[in-house]
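J.: First, the structure itself, so that you have it in front of you.
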Amino acid sequence: MKKKLLGILAVFLLLNSQKSFAHCEIPCGIYNDELRIHLIEEYIDTIEKSMIAIQELSKNRDPLSINQIVRWVDNKEEHAKKIQNIIWQYFFTQRVKPVNPEDKARYEAYLKKLELLNRLNFLVMKSKQSVDTKVVKEMRKVLSEFEKVYFKVEKHKH
């Protein structure tokens, strides 16, 4: 009986821990767009720090440096995936909603949001393939552009 209860508790905790990483598609109506932008900014900072560490550690060929390079590469990949998850599961799926093409101004803003999210997603993919911090700078630029376009229409609208 104890094992069964512990198993149920473990499943419950596992399922509830996932909620902190992903947003629901019920829709629940609880959105924090500013938080998602802030998280993307933080993940971009982490990717940049990983790239710099990889570049520095690559100057050495000792086993410890190689081990640390692997860890920084893994860190960079994980944070890139987190950004992609926010782009796809949060913005594309839930927040940037299709607009009637006849409403020209709103439709143009919608297309611009899609374009910027797609560009950001592409750059995130490039950050996985590279240790060039120019990619990070471009990610920040595109995110800033998206933020301006997105909040012009969406800010505080739930």
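Simple scheme: letters A, B, ... for chains in structure tokens order, numbers from 1 for residues in each chain, numbers from 1 for ligands in the order shown.
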Can you pull out the residues contacting range 84-96 of chain A? Cut-off 7 Å, using only C-alpha atoms, and skip same-chain residues under 3 positions away; I want them as a PyMOL selection string.
T.: chain A and resi 23+36+80-81+117+121
J.: Could you write out that same residue set with N, CA and C atoms as a PDB file, in the first residue's frame?
T.:
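So the final result, stored in result18.pdb, reads:
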ATOM      1  N   HIS A  23       3.195  26.108 -20.520  1.00  0.00           N
ATOM      2  CA  HIS A  23       1.937  26.772 -20.243  1.00  0.00           C
ATOM      3  C   HIS A  23       0.821  25.933 -20.835  1.00  0.00           C
ATOM      4  N   ARG A  36       7.483  35.860 -20.124  1.00  0.00           N
ATOM      5  CA  ARG A  36       8.053  35.046 -21.200  1.00  0.00           C
ATOM      6  C   ARG A  36       9.175  35.790 -21.919  1.00  0.00           C
ATOM      7  N   ALA A  80      18.568  26.961 -25.444  1.00  0.00           N
ATOM      8  CA  ALA A  80      18.019  27.206 -26.779  1.00  0.00           C
ATOM      9  C   ALA A  80      16.671  26.491 -26.924  1.00  0.00           C
ATOM     10  N   LYS A  81      16.592  25.256 -26.441  1.00  0.00           N
ATOM     11  CA  LYS A  81      15.321  24.517 -26.492  1.00  0.00           C
ATOM     12  C   LYS A  81      14.245  25.227 -25.678  1.00  0.00           C
ATOM     13  N   LEU A 117       9.006  36.120 -34.832  1.00  0.00           N
ATOM     14  CA  LEU A 117       9.133  34.867 -34.081  1.00  0.00           C
ATOM     15  C   LEU A 117       9.871  33.817 -34.902  1.00  0.00           C
ATOM     16  N   ASN A 121      13.370  32.145 -33.868  1.00  0.00           N
ATOM     17  CA  ASN A 121      13.504  30.693 -33.819  1.00  0.00           C
ATOM     18  C   ASN A 121      14.668  30.216 -34.686  1.00  0.00           C
TER      19      ASN A 121
END
J.: Using only C-alpha atoms, what table do you get, as CSV, when you list each residue of range 62-126 of chain A with an atom no more than 8 Å from range 134-155 of chain A, its nearest pair of atoms, and their distance in Å rounded to one decimal, rows by chain then rising number?
T.:
residue,atom,partner,partner_atom,distance
A:Ala109,CA,A:Val149,CA,7.0
A:Lys112,CA,A:Val149,CA,7.5
A:Lys113,CA,A:Phe146,CA,6.2
A:Leu116,CA,A:Phe146,CA,5.7
A:Leu117,CA,A:Phe146,CA,7.1
A:Arg119,CA,A:Val142,CA,7.2
A:Leu120,CA,A:Met139,CA,5.9
A:Leu123,CA,A:Met139,CA,6.1
A:Val124,CA,A:Met139,CA,7.2
A:Lys126,CA,A:Val135,CA,7.1
J.: Could the residues in this selection be saved with N, CA and C atoms as a short mmCIF file (atom, residue, chain, number, x, y, z; two decimals), in the first residue's frame?
T.:
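Ended up saving to out.cif:
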data_model
loop_
_atom_site.label_atom_id
_atom_site.label_comp_id
_atom_site.auth_asym_id
_atom_site.auth_seq_id
_atom_site.Cartn_x
_atom_site.Cartn_y
_atom_site.Cartn_z
N ALA A 109 0.31 43.64 -38.62
CA ALA A 109 0.96 43.44 -37.32
C ALA A 109 1.10 41.95 -37.01
N LYS A 112 3.88 40.54 -39.08
CA LYS A 112 5.17 40.99 -38.55
C LYS A 112 5.56 40.17 -37.32
N LYS A 113 4.60 39.89 -36.44
CA LYS A 113 4.87 39.06 -35.26
C LYS A 113 5.33 37.67 -35.68
N LEU A 116 8.90 37.85 -37.06
CA LEU A 116 9.91 38.05 -36.01
C LEU A 116 10.09 36.79 -35.16
N LEU A 117 9.01 36.12 -34.83
CA LEU A 117 9.13 34.87 -34.08
C LEU A 117 9.87 33.82 -34.90
N ARG A 119 12.09 34.42 -37.29
CA ARG A 119 13.50 34.83 -37.33
C ARG A 119 14.20 34.49 -36.03
N LEU A 120 13.53 34.75 -34.90
CA LEU A 120 14.13 34.42 -33.60
C LEU A 120 14.35 32.93 -33.48
N LEU A 123 17.35 31.96 -35.48
CA LEU A 123 18.60 32.35 -34.81
C LEU A 123 18.91 31.45 -33.61
N VAL A 124 17.88 31.03 -32.92
CA VAL A 124 18.09 30.11 -31.79
C VAL A 124 18.69 28.81 -32.32
N LYS A 126 20.48 28.56 -34.97
CA LYS A 126 21.87 28.88 -35.33
C LYS A 126 22.76 28.91 -34.09
#
J.: Quick one: residues within 12 Å of Asp74 in chain A, only C-alpha atoms, excluding same-chain residues fewer than 2 positions away - as a PyMOL selection string?
T.: chain A and resi 46-47+50-51+54+67-72+76-81+128-129
J.: Quick one, how far is CA of Gly29 in chain A from CA of Pro98 in chain A?
T.: 17.3 Å
